[in-house]
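> Coordinates in upload35.pdb, PDB, C-alpha atoms, are listed below.
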```
ATOM      1  CA  MET Y   1    -271.445  24.216  19.489
ATOM      2  CA  LYS Y   2    -272.449  23.821  15.841
ATOM      3  CA  VAL Y   3    -275.798  24.858  14.428
ATOM      4  CA  SER Y   4    -276.117  22.550  11.449
ATOM      5  CA  ILE Y   5    -278.292  23.671   8.529
ATOM      6  CA  ILE Y   6    -278.221  21.663   5.316
ATOM      7  CA  HIS Y   7    -279.610  23.231   2.142
ATOM      8  CA  ASP Y   8    -280.020  20.266  -0.191
ATOM      9  CA  SER Y   9    -282.539  18.073  -1.982
ATOM     10  CA  ILE Y  10    -284.556  15.881   0.342
ATOM     11  CA  HIS Y  11    -283.520  12.923  -1.833
ATOM     12  CA  ASN Y  12    -280.041  13.094  -0.284
ATOM     13  CA  LEU Y  13    -281.259  12.945   3.308
ATOM     14  CA  GLU Y  14    -280.905   9.186   3.763
ATOM     15  CA  GLU Y  15    -277.231   9.328   2.828
ATOM     16  CA  LYS Y  16    -276.651  11.958   5.521
ATOM     17  CA  LEU Y  17    -278.463   9.923   8.158
ATOM     18  CA  ASN Y  18    -276.481   6.796   7.291
ATOM     19  CA  GLU Y  19    -273.287   8.780   7.881
ATOM     20  CA  LEU Y  20    -274.427   9.614  11.415
ATOM     21  CA  GLY Y  21    -275.282   6.096  12.552
ATOM     22  CA  SER Y  22    -278.376   3.994  13.106
ATOM     23  CA  TRP Y  23    -281.424   4.099  15.370
ATOM     24  CA  SER Y  24    -283.658   1.469  16.920
ATOM     25  CA  ASN Y  25    -286.682   3.140  15.355
ATOM     26  CA  ILE Y  26    -287.713   6.353  13.643
ATOM     27  CA  TYR Y  27    -290.790   8.365  14.590
ATOM     28  CA  ILE Y  28    -292.073  11.109  12.301
ATOM     29  CA  ILE Y  29    -294.088  13.875  13.957
ATOM     30  CA  ALA Y  30    -296.251  15.703  11.417
ATOM     31  CA  ASP Y  31    -299.677  17.265  11.086
ATOM     32  CA  GLU Y  32    -302.497  16.272   8.749
ATOM     33  CA  HIS Y  33    -301.310  18.658   6.025
ATOM     34  CA  THR Y  34    -297.697  17.533   6.007
ATOM     35  CA  VAL Y  35    -298.679  13.867   6.103
ATOM     36  CA  LYS Y  36    -300.776  14.447   2.992
ATOM     37  CA  HIS Y  37    -298.542  16.806   1.021
ATOM     38  CA  CYS Y  38    -294.962  16.439   2.340
ATOM     39  CA  PHE Y  39    -294.568  12.887   3.611
ATOM     40  CA  PRO Y  40    -294.901  11.445   0.062
ATOM     41  CA  LEU Y  41    -291.936  13.611  -0.991
ATOM     42  CA  LEU Y  42    -289.977  12.280   1.960
ATOM     43  CA  ILE Y  43    -290.473   8.581   1.197
ATOM     44  CA  GLU Y  44    -290.279   8.913  -2.598
ATOM     45  CA  SER Y  45    -286.712   7.666  -2.638
ATOM     46  CA  GLN Y  46    -285.898   7.232   1.058
ATOM     47  CA  ASP Y  47    -286.094   3.624   2.185
ATOM     48  CA  ILE Y  48    -285.088   4.573   5.717
ATOM     49  CA  PHE Y  49    -288.487   6.196   6.362
ATOM     50  CA  LYS Y  50    -290.741   3.520   4.880
ATOM     51  CA  GLU Y  51    -290.921   1.598   8.170
ATOM     52  CA  ALA Y  52    -291.083   4.698  10.367
ATOM     53  CA  GLU Y  53    -293.974   5.246  12.742
ATOM     54  CA  ILE Y  54    -296.001   8.377  11.929
ATOM     55  CA  ILE Y  55    -297.423  10.492  14.749
ATOM     56  CA  GLU Y  56    -300.076  12.586  13.024
ATOM     57  CA  LEU Y  57    -301.350  15.704  14.797
ATOM     58  CA  THR Y  58    -304.100  18.228  14.213
ATOM     59  CA  PRO Y  59    -302.753  21.415  12.569
ATOM     60  CA  GLY Y  60    -302.726  24.657  14.523
ATOM     61  CA  GLU Y  61    -301.124  26.516  17.401
ATOM     62  CA  GLU Y  62    -303.461  24.863  19.924
ATOM     63  CA  THR Y  63    -301.571  21.606  19.310
ATOM     64  CA  LYS Y  64    -298.586  23.028  21.219
ATOM     65  CA  SER Y  65    -299.986  21.992  24.602
ATOM     66  CA  MET Y  66    -298.970  19.899  27.582
ATOM     67  CA  GLU Y  67    -301.962  17.651  26.908
ATOM     68  CA  MET Y  68    -300.557  16.842  23.468
ATOM     69  CA  CYS Y  69    -297.147  16.149  25.008
ATOM     70  CA  TYR Y  70    -298.712  13.627  27.393
ATOM     71  CA  GLN Y  71    -300.371  11.900  24.465
ATOM     72  CA  ILE Y  72    -297.157  11.697  22.427
ATOM     73  CA  TRP Y  73    -294.982  10.620  25.362
ATOM     74  CA  GLY Y  74    -297.573   7.974  26.168
ATOM     75  CA  GLY Y  75    -297.638   6.807  22.559
ATOM     76  CA  LEU Y  76    -293.858   6.480  22.490
ATOM     77  CA  LEU Y  77    -293.950   4.407  25.670
ATOM     78  CA  GLU Y  78    -296.653   2.188  24.177
ATOM     79  CA  TYR Y  79    -294.386   1.689  21.159
ATOM     80  CA  LYS Y  80    -291.654   0.719  23.687
ATOM     81  CA  ALA Y  81    -289.429   3.467  22.328
ATOM     82  CA  ASP Y  82    -285.944   3.543  23.865
ATOM     83  CA  ARG Y  83    -283.249   6.217  24.065
ATOM     84  CA  ASN Y  84    -281.825   5.184  20.699
ATOM     85  CA  ILE Y  85    -284.736   6.426  18.616
ATOM     86  CA  LEU Y  86    -284.722   9.261  16.079
ATOM     87  CA  ILE Y  87    -287.573  11.770  15.969
ATOM     88  CA  VAL Y  88    -288.136  13.524  12.653
ATOM     89  CA  ASN Y  89    -290.123  16.759  12.884
ATOM     90  CA  LEU Y  90    -291.778  17.271   9.503
ATOM     91  CA  GLY Y  91    -293.724  20.502   9.368
ATOM     92  CA  GLY Y  92    -293.807  24.168  10.262
ATOM     93  CA  GLY Y  93    -292.954  25.974  13.471
ATOM     94  CA  VAL Y  94    -295.664  24.296  15.536
ATOM     95  CA  ILE Y  95    -294.330  20.836  14.678
ATOM     96  CA  THR Y  96    -290.633  21.684  15.140
ATOM     97  CA  ASP Y  97    -291.312  23.520  18.433
ATOM     98  CA  LEU Y  98    -293.450  20.716  19.829
ATOM     99  CA  GLY Y  99    -291.435  17.852  18.343
ATOM    100  CA  GLY Y 100    -288.188  19.325  19.589
ATOM    101  CA  PHE Y 101    -289.652  19.633  23.091
ATOM    102  CA  ILE Y 102    -290.852  16.026  22.975
ATOM    103  CA  ALA Y 103    -287.423  14.813  21.822
ATOM    104  CA  SER Y 104    -285.485  16.892  24.357
ATOM    105  CA  THR Y 105    -287.514  15.585  27.296
ATOM    106  CA  PHE Y 106    -288.376  11.964  26.417
ATOM    107  CA  LYS Y 107    -286.064   9.713  28.447
ATOM    108  CA  ARG Y 108    -283.987  12.866  29.143
ATOM    109  CA  GLY Y 109    -283.372  13.479  25.464
ATOM    110  CA  VAL Y 110    -283.257  11.557  22.188
ATOM    111  CA  ASP Y 111    -281.897  12.440  18.758
ATOM    112  CA  PHE Y 112    -284.064  14.519  16.473
ATOM    113  CA  ILE Y 113    -283.902  16.363  13.159
ATOM    114  CA  ASN Y 114    -286.058  19.137  11.768
ATOM    115  CA  ILE Y 115    -287.385  19.162   8.216
ATOM    116  CA  PRO Y 116    -289.198  22.498   7.979
ATOM    117  CA  THR Y 117    -291.907  22.569   5.329
ATOM    118  CA  THR Y 118    -292.889  26.241   5.671
ATOM    119  CA  LEU Y 119    -290.988  29.394   4.801
ATOM    120  CA  MET Y 120    -291.282  30.440   8.443
ATOM    121  CA  GLY Y 121    -289.640  27.194   9.509
ATOM    122  CA  GLN Y 122    -286.898  27.280   6.889
ATOM    123  CA  VAL Y 123    -285.692  30.772   7.776
ATOM    124  CA  ASP Y 124    -286.320  30.864  11.509
ATOM    125  CA  ALA Y 125    -288.532  28.561  13.565
ATOM    126  CA  ALA Y 126    -286.742  25.255  12.886
ATOM    127  CA  ILE Y 127    -283.253  26.692  13.383
ATOM    128  CA  GLY Y 128    -281.426  27.336  16.633
ATOM    129  CA  GLY Y 129    -282.581  24.782  19.174
ATOM    130  CA  LYS Y 130    -285.498  26.570  20.793
ATOM    131  CA  THR Y 131    -288.283  24.125  21.612
ATOM    132  CA  GLY Y 132    -291.514  24.853  23.376
ATOM    133  CA  ILE Y 133    -295.212  24.628  24.025
ATOM    134  CA  ASN Y 134    -297.860  27.159  24.993
ATOM    135  CA  TYR Y 135    -299.448  27.421  28.419
ATOM    136  CA  GLU Y 136    -303.028  28.608  28.903
ATOM    137  CA  GLY Y 137    -302.917  30.467  25.600
ATOM    138  CA  LEU Y 138    -299.564  32.174  26.245
ATOM    139  CA  LYS Y 139    -296.887  31.574  23.623
ATOM    140  CA  ASN Y 140    -293.905  29.298  24.287
ATOM    141  CA  GLN Y 141    -293.967  29.601  28.078
ATOM    142  CA  ILE Y 142    -292.558  26.093  28.622
ATOM    143  CA  GLY Y 143    -289.630  24.705  26.657
ATOM    144  CA  THR Y 144    -285.969  23.846  26.361
ATOM    145  CA  PHE Y 145    -282.858  24.789  24.439
ATOM    146  CA  SER Y 146    -281.958  21.639  22.514
ATOM    147  CA  LEU Y 147    -280.264  21.433  19.115
ATOM    148  CA  PRO Y 148    -281.395  18.960  16.466
ATOM    149  CA  LEU Y 149    -278.733  16.868  14.769
ATOM    150  CA  PHE Y 150    -279.422  19.140  11.814
ATOM    151  CA  THR Y 151    -282.134  21.143  10.087
ATOM    152  CA  TRP Y 152    -282.698  20.070   6.470
ATOM    153  CA  VAL Y 153    -283.936  22.813   4.134
ATOM    154  CA  ASP Y 154    -285.382  21.914   0.728
ATOM    155  CA  PRO Y 155    -287.465  24.616  -1.031
ATOM    156  CA  VAL Y 156    -289.517  21.893  -2.752
ATOM    157  CA  PHE Y 157    -291.750  21.786   0.325
ATOM    158  CA  LEU Y 158    -292.692  25.450  -0.152
ATOM    159  CA  GLU Y 159    -294.620  24.441  -3.253
ATOM    160  CA  THR Y 160    -297.103  22.616  -0.998
ATOM    161  CA  LEU Y 161    -298.038  25.757   0.974
ATOM    162  CA  PRO Y 162    -301.184  27.862   0.692
ATOM    163  CA  GLU Y 163    -300.259  31.437  -0.249
ATOM    164  CA  ARG Y 164    -301.195  32.851   3.160
ATOM    165  CA  GLU Y 165    -298.933  30.365   4.964
ATOM    166  CA  PHE Y 166    -296.096  31.108   2.557
ATOM    167  CA  MET Y 167    -296.389  34.877   2.943
ATOM    168  CA  SER Y 168    -296.401  34.566   6.726
ATOM    169  CA  GLY Y 169    -292.743  33.544   6.536
ATOM    170  CA  MET Y 170    -291.796  36.794   4.812
ATOM    171  CA  ALA Y 171    -292.149  38.574   8.153
ATOM    172  CA  GLU Y 172    -289.122  36.752   9.564
ATOM    173  CA  ILE Y 173    -287.056  37.507   6.451
ATOM    174  CA  ILE Y 174    -287.929  41.189   6.817
ATOM    175  CA  LYS Y 175    -286.941  40.956  10.490
ATOM    176  CA  TYR Y 176    -283.441  39.721   9.624
ATOM    177  CA  GLY Y 177    -282.965  42.592   7.199
ATOM    178  CA  ALA Y 178    -284.245  45.132   9.704
ATOM    179  CA  VAL Y 179    -282.120  43.921  12.598
ATOM    180  CA  PHE Y 180    -278.957  42.441  11.090
ATOM    181  CA  ASP Y 181    -278.445  42.983   7.348
ATOM    182  CA  SER Y 182    -279.955  45.983   5.575
ATOM    183  CA  CYS Y 183    -278.789  44.605   2.202
ATOM    184  CA  MET Y 184    -281.608  42.083   2.509
ATOM    185  CA  LEU Y 185    -284.083  44.959   2.500
ATOM    186  CA  ASP Y 186    -282.788  46.033  -0.901
ATOM    187  CA  LEU Y 187    -283.402  42.500  -2.229
ATOM    188  CA  LEU Y 188    -286.930  42.626  -0.809
ATOM    189  CA  ASP Y 189    -287.517  46.065  -2.272
ATOM    190  CA  LYS Y 190    -286.548  45.034  -5.810
ATOM    191  CA  ASP Y 191    -287.551  41.589  -7.072
ATOM    192  CA  TRP Y 192    -288.120  39.475  -3.991
ATOM    193  CA  GLU Y 193    -289.303  36.375  -5.856
ATOM    194  CA  THR Y 194    -286.123  36.199  -7.909
ATOM    195  CA  ASN Y 195    -284.082  36.772  -4.752
ATOM    196  CA  LEU Y 196    -286.031  34.328  -2.563
ATOM    197  CA  SER Y 197    -283.385  31.586  -2.496
ATOM    198  CA  THR Y 198    -280.723  34.106  -1.470
ATOM    199  CA  LEU Y 199    -283.017  35.549   1.193
ATOM    200  CA  ILE Y 200    -283.741  32.095   2.651
ATOM    201  CA  THR Y 201    -280.074  31.161   2.775
ATOM    202  CA  ARG Y 202    -278.998  34.487   4.260
ATOM    203  CA  SER Y 203    -281.730  34.374   6.919
ATOM    204  CA  SER Y 204    -280.716  30.893   8.040
ATOM    205  CA  GLU Y 205    -277.032  31.909   8.065
ATOM    206  CA  ILE Y 206    -277.756  34.871  10.322
ATOM    207  CA  LYS Y 207    -279.813  32.711  12.676
ATOM    208  CA  ALA Y 208    -277.018  30.135  12.904
ATOM    209  CA  GLU Y 209    -274.356  32.786  13.530
ATOM    210  CA  VAL Y 210    -276.360  34.420  16.319
ATOM    211  CA  VAL Y 211    -277.270  31.125  17.986
ATOM    212  CA  LYS Y 212    -273.664  29.964  17.908
ATOM    213  CA  THR Y 213    -272.539  32.966  19.954
ATOM    214  CA  ASP Y 214    -275.579  33.238  22.245
ATOM    215  CA  PHE Y 215    -277.349  29.884  22.454
ATOM    216  CA  THR Y 216    -279.412  30.552  25.595
ATOM    217  CA  GLU Y 217    -280.458  34.090  24.641
ATOM    218  CA  LYS Y 218    -278.585  36.226  27.112
ATOM    219  CA  GLY Y 219    -277.463  38.851  24.582
ATOM    220  CA  ASP Y 220    -277.644  39.295  20.816
ATOM    221  CA  ARG Y 221    -280.074  36.420  20.297
ATOM    222  CA  LYS Y 222    -282.689  38.656  21.894
ATOM    223  CA  LYS Y 223    -282.499  40.786  18.744
ATOM    224  CA  LEU Y 224    -284.314  37.991  16.914
ATOM    225  CA  ASN Y 225    -287.389  38.997  18.942
ATOM    226  CA  PHE Y 226    -287.821  42.280  17.064
ATOM    227  CA  GLY Y 227    -291.553  42.661  16.430
ATOM    228  CA  HIS Y 228    -292.362  39.734  18.684
ATOM    229  CA  THR Y 229    -293.182  41.535  21.943
ATOM    230  CA  ILE Y 230    -296.174  43.166  20.260
ATOM    231  CA  GLY Y 231    -296.603  40.268  17.819
ATOM    232  CA  HIS Y 232    -297.009  37.542  20.426
ATOM    233  CA  ALA Y 233    -299.542  39.657  22.315
ATOM    234  CA  LEU Y 234    -301.572  40.117  19.119
ATOM    235  CA  GLU Y 235    -301.303  36.421  18.287
ATOM    236  CA  THR Y 236    -302.616  35.483  21.730
ATOM    237  CA  TYR Y 237    -305.360  38.109  21.755
ATOM    238  CA  PHE Y 238    -306.773  37.053  18.380
ATOM    239  CA  GLU Y 239    -306.761  33.365  19.399
ATOM    240  CA  GLY Y 240    -305.733  31.616  16.203
ATOM    241  CA  GLN Y 241    -307.174  34.149  13.754
ATOM    242  CA  LEU Y 242    -303.690  35.429  12.898
ATOM    243  CA  LEU Y 243    -300.722  33.516  11.569
ATOM    244  CA  HIS Y 244    -297.463  34.124  13.403
ATOM    245  CA  GLY Y 245    -295.965  36.184  10.571
ATOM    246  CA  GLU Y 246    -299.056  38.360  10.284
ATOM    247  CA  ALA Y 247    -298.889  39.192  13.992
ATOM    248  CA  VAL Y 248    -295.127  39.827  13.866
ATOM    249  CA  ALA Y 249    -295.515  42.093  10.821
ATOM    250  CA  ALA Y 250    -297.905  44.289  12.791
ATOM    251  CA  GLY Y 251    -295.594  44.077  15.796
ATOM    252  CA  MET Y 252    -292.642  45.252  13.707
ATOM    253  CA  ILE Y 253    -294.542  48.317  12.499
ATOM    254  CA  VAL Y 254    -295.408  49.306  16.077
ATOM    255  CA  GLU Y 255    -291.838  48.690  17.236
ATOM    256  CA  ILE Y 256    -290.481  50.687  14.277
ATOM    257  CA  LYS Y 257    -292.678  53.584  15.405
ATOM    258  CA  LEU Y 258    -291.346  53.137  18.945
ATOM    259  CA  SER Y 259    -287.793  53.088  17.556
ATOM    260  CA  VAL Y 260    -288.375  56.554  16.093
ATOM    261  CA  LEU Y 261    -289.877  57.837  19.337
ATOM    262  CA  TYR Y 262    -287.497  56.238  21.831
ATOM    263  CA  ASN Y 263    -284.336  55.224  19.987
ATOM    264  CA  GLU Y 264    -282.372  56.763  17.124
ATOM    265  CA  LEU Y 265    -284.189  55.525  14.017
ATOM    266  CA  SER Y 266    -284.881  58.263  11.472
ATOM    267  CA  ILE Y 267    -288.388  58.775  10.109
ATOM    268  CA  GLU Y 268    -287.057  58.307   6.567
ATOM    269  CA  LYS Y 269    -285.602  54.883   7.298
ATOM    270  CA  ALA Y 270    -288.638  53.908   9.354
ATOM    271  CA  ASN Y 271    -290.901  54.722   6.414
ATOM    272  CA  LYS Y 272    -288.729  52.677   4.037
ATOM    273  CA  LEU Y 273    -289.053  49.621   6.256
ATOM    274  CA  ILE Y 274    -292.767  50.104   6.889
ATOM    275  CA  THR Y 275    -293.358  50.391   3.138
ATOM    276  CA  ILE Y 276    -291.766  46.970   2.648
ATOM    277  CA  ILE Y 277    -293.900  45.433   5.406
ATOM    278  CA  ASP Y 278    -297.063  47.009   4.007
ATOM    279  CA  PHE Y 279    -296.275  45.510   0.603
ATOM    280  CA  PHE Y 280    -296.448  41.991   2.026
ATOM    281  CA  PHE Y 281    -299.030  42.379   4.811
ATOM    282  CA  GLU Y 282    -302.372  44.099   5.275
ATOM    283  CA  ARG Y 283    -302.838  46.241   8.378
ATOM    284  CA  LEU Y 284    -304.801  44.686  11.223
ATOM    285  CA  PRO Y 285    -308.089  46.276  12.346
ATOM    286  CA  LEU Y 286    -306.841  47.267  15.794
ATOM    287  CA  GLU Y 287    -308.884  49.446  18.151
ATOM    288  CA  GLU Y 288    -307.746  51.505  21.106
ATOM    289  CA  ARG Y 289    -310.150  49.670  23.409
ATOM    290  CA  ILE Y 290    -307.935  46.545  23.306
ATOM    291  CA  PHE Y 291    -304.634  48.308  24.083
ATOM    292  CA  ASP Y 292    -304.747  47.684  27.845
ATOM    293  CA  GLU Y 293    -305.402  43.978  27.304
ATOM    294  CA  LEU Y 294    -302.526  43.771  24.811
ATOM    295  CA  ILE Y 295    -300.180  45.390  27.325
ATOM    296  CA  GLU Y 296    -301.239  42.892  29.991
ATOM    297  CA  LEU Y 297    -300.334  40.101  27.558
ATOM    298  CA  MET Y 298    -296.958  41.752  26.881
ATOM    299  CA  LYS Y 299    -296.196  41.531  30.586
ATOM    300  CA  THR Y 300    -295.913  37.731  30.182
ATOM    301  CA  ASP Y 301    -293.147  38.066  27.550
ATOM    302  CA  LYS Y 302    -290.044  35.989  28.351
ATOM    303  CA  LYS Y 303    -287.666  38.907  27.674
ATOM    304  CA  ASN Y 304    -289.082  40.999  30.492
ATOM    305  CA  ILE Y 305    -286.909  41.777  33.519
ATOM    306  CA  ASN Y 306    -288.213  42.947  36.919
ATOM    307  CA  ASP Y 307    -291.774  43.269  35.572
ATOM    308  CA  LYS Y 308    -290.651  45.794  32.936
ATOM    309  CA  ILE Y 309    -291.704  45.211  29.319
ATOM    310  CA  HIS Y 310    -288.617  45.014  27.131
ATOM    311  CA  PHE Y 311    -288.340  45.638  23.398
ATOM    312  CA  VAL Y 312    -285.821  45.349  20.606
ATOM    313  CA  LEU Y 313    -285.649  48.807  19.018
ATOM    314  CA  LEU Y 314    -283.863  49.855  15.843
ATOM    315  CA  SER Y 315    -281.187  52.523  15.796
ATOM    316  CA  ASN Y 316    -280.629  52.164  12.043
ATOM    317  CA  LEU Y 317    -281.559  49.705   9.326
ATOM    318  CA  GLY Y 318    -279.561  46.592  10.184
ATOM    319  CA  GLU Y 319    -278.735  47.854  13.693
ATOM    320  CA  SER Y 320    -280.700  47.368  16.899
ATOM    321  CA  LYS Y 321    -280.649  47.653  20.678
ATOM    322  CA  ILE Y 322    -281.959  45.060  23.148
ATOM    323  CA  ASN Y 323    -283.535  45.438  26.602
ATOM    324  CA  CYS Y 324    -285.319  48.713  25.820
ATOM    325  CA  SER Y 325    -287.783  49.186  28.667
ATOM    326  CA  LEU Y 326    -290.932  51.190  27.906
ATOM    327  CA  THR Y 327    -293.903  52.244  30.025
ATOM    328  CA  SER Y 328    -297.502  51.377  29.208
ATOM    329  CA  GLU Y 329    -298.137  54.941  28.048
ATOM    330  CA  GLN Y 330    -295.128  54.845  25.737
ATOM    331  CA  ILE Y 331    -296.266  51.520  24.277
ATOM    332  CA  LYS Y 332    -299.713  52.992  23.646
ATOM    333  CA  GLU Y 333    -298.065  55.782  21.626
ATOM    334  CA  GLY Y 334    -296.665  53.159  19.289
ATOM    335  CA  LEU Y 335    -299.978  51.307  19.067
ATOM    336  CA  VAL Y 336    -301.852  54.543  18.292
ATOM    337  CA  SER Y 337    -299.368  55.370  15.546
ATOM    338  CA  TYR Y 338    -300.076  51.970  13.943
ATOM    339  CA  LEU Y 339    -303.685  53.055  13.487
TER     340      LEU Y 339
END
```
Could you quickly redo this structure as structure tokens?


Amino acid sequence: MKVSIIHDSIHNLEEKLNELGSWSNIYIIADEHTVKHCFPLLIESQDIFKEAEIIELTPGEETKSMEMCYQIWGGLLEYKADRNILIVNLGGGVITDLGGFIASTFKRGVDFINIPTTLMGQVDAAIGGKTGINYEGLKNQIGTFSLPLFTWVDPVFLETLPEREFMSGMAEIIKYGAVFDSCMLDLLDKDWETNLSTLITRSSEIKAEVVKTDFTEKGDRKKLNFGHTIGHALETYFEGQLLHGEAVAAGMIVEIKLSVLYNELSIEKANKLITIIDFFFERLPLEERIFDELIELMKTDKKNINDKIHFVLLSNLGESKINCSLTSEQIKEGLVSYL
């Protein structure tokens, strides 16, 4: 199994597609923002996309729903789409998650590619073949493992992002440094803007390496969920007020605190990592009164086994342990320490 990531100018995309074959039609799934700001970059010198059908969606996490899937599947059937179509997912994590799910299920699976336009997508969300939609407000409860033909990464799209959306992606870069490669933390701690290209490339390399050895998340791929057990609960609780990276940043701080309490992470190294996170993200105004509700949301996490809430905890910077089961009282210790 090959996880194909291409770091290149978008102007060379048509040549790559022509190498792979031809399709009866091309459908581009995008949201209002990417249609306005990113689609013009795509068709600037790419004749292959000028006759493509555009499926334009409303931005936001609420778009990742079964209702939206019904609408898109129905639209494809109205277009008389066959199994020889190509779906192009042009956007951030919401678009690549949803578009990948659509492609992997329509007529039992059609070809698709991801063109991530956010930092979050370029380092994490669009890589690795996880597709999915939300169910009744719970993150990514329904989905498939299905690899795109490739994920095409061009930093030019990052210039179209609002600052808050851009910074959200830094959480995933920090995650890779915390869990897999502590050298990345040094690059973040020095001059992160100068090192951004290196950080993007290294993050995507790590993701590809992990996915190659554990595609369906039975082992080391679970490490990519560091910060996400808490983060997804926060994201669901605040109902669209938080971006994914903002929720994960808070989740990482709590799980760093838990790593000190219940794994082998030293306070000194924990503080180094928390200092980096605090540089990029403001603390959330959490209150103890919501802790029980957050824990109930954590119980829906996909990593859980036998109704026990599982975490990824750090043993060192760049080293981590999966399947760490903690009680509600232990989790509250971490949440209190965040305050």

> Nearest to Y:Lys302 among Y:Met120, Y:Ile26, Y:Leu138, Y:Val153, with distances taken over all atoms listed in the file: which residue is it?

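Smallest distance to Y:Lys302 is found for Y:Leu138.
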
> Using all atoms listed in the file, can you tell me which of Y:Leu297, Y:Ile200, Y:Ile206, Y:Cys324 comes closest to Y:Asp181?

Y:Ile206

> Hey, which bits of stretch 29-141 of chain Y sit within 8 Å of stretch 167-176 of chain Y, and for each residue what's the closest pair of atoms and how far apart in Å (one decimal), counting only C-alpha atoms, rows by chain and increasing number, as JSON lines?


```
{"residue": "Y:Thr118", "atom": "CA", "partner": "Y:Gly169", "partner_atom": "CA", "distance": 7.4}
{"residue": "Y:Leu119", "atom": "CA", "partner": "Y:Gly169", "partner_atom": "CA", "distance": 4.8}
{"residue": "Y:Met120", "atom": "CA", "partner": "Y:Gly169", "partner_atom": "CA", "distance": 3.9}
{"residue": "Y:Gly121", "atom": "CA", "partner": "Y:Gly169", "partner_atom": "CA", "distance": 7.7}
{"residue": "Y:Val123", "atom": "CA", "partner": "Y:Ile173", "partner_atom": "CA", "distance": 7.0}
{"residue": "Y:Asp124", "atom": "CA", "partner": "Y:Glu172", "partner_atom": "CA", "distance": 6.8}
```

> Written as a ChimeraX atom specification, which residues does the PyMOL selection byres ((chain Y and resi 253) around 8) give for the file shown?

/Y:227,249-252,254-257,274,277,338

> Hey, can you check how far atom CA of Y:Ala52 sits from atom CA of Y:Thr144?

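Those two atoms sit 25.5 Å apart.
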
> Find the residues around Y:Gln141 up to 12 Å (all atoms listed in the file counted), leave out those fewer than 3 positions away in its own chain, and share them as a list of chain:residue names.

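The residues that qualify are Y:Lys64, Y:Ser65, Y:Met66, Y:Asp97, Y:Phe101, Y:Lys130, Y:Thr131, Y:Gly132, Y:Ile133, Y:Asn134, Y:Tyr135, Y:Glu136, Y:Gly137, Y:Leu138, Y:Thr144, Y:His232, Y:Thr300, Y:Asp301, Y:Lys302, Y:Lys303.
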
> Exactly which residues make up the result of the PyMOL selection byres ((chain Y and resi 208-210) around 8) on this file, given as a ChimeraX atom specification?

/Y:3-5,127-128,204-207,211-215,220-221

> Would you mind telling me which residue in Y:Leu234, Y:Leu286, Y:Asn84, Y:His37 lies nearest to Y:Leu339 when using only C-alpha atoms?

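Using only C-alpha atoms, the shortest distance to Y:Leu339 belongs to Y:Leu286.
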
> Work out how far atom CA of Y:Asp47 is from atom CA of Y:Leu13, in Å to one decimal.

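Distance between the two atoms: 10.6 Å.
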
> Write out as a ChimeraX atom specification which residues come within 12 Å of Y:Gly74 when counting all atoms listed in the file, dropping same-chain ones fewer than 6 positions away.

/Y:55,67-68,80-81,102,106-107

> Pick from Y:Glu62, Y:Leu265, Y:Val248, Y:Phe157: nearest to Y:Arg283, with all atoms listed in the file counted?

Y:Val248

> Taking the file above as input, evaluate the PyMOL selection byres ((chain Y and resi 226) around 8) and report the hits as a list in words.

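This file, filtered by the PyMOL selection byres ((chain Y and resi 226) around 8), leaves Lys175, Val179, Lys222, Lys223, Leu224, Asn225, Gly227, His228, Thr229, Met252, Glu255, Phe311, Val312 and Leu313 of chain Y.
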
> Figure out the distance between atom CA of Y:Leu284 and atom CA of Y:Ser320, please, to one decimal in Å.

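About the pair atom CA of Y:Ser320 and atom CA of Y:Leu284: they are 24.9 Å apart.
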
> Restricting the calculation to all atoms listed in the file, which member of Y:Glu61, Y:Glu319, Y:Glu15, Y:Glu51 is positioned closest to Y:Phe180?

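Of Y:Glu61, Y:Glu319, Y:Glu15, Y:Glu51, the one nearest Y:Phe180, counting all atoms listed in the file, is Y:Glu319.
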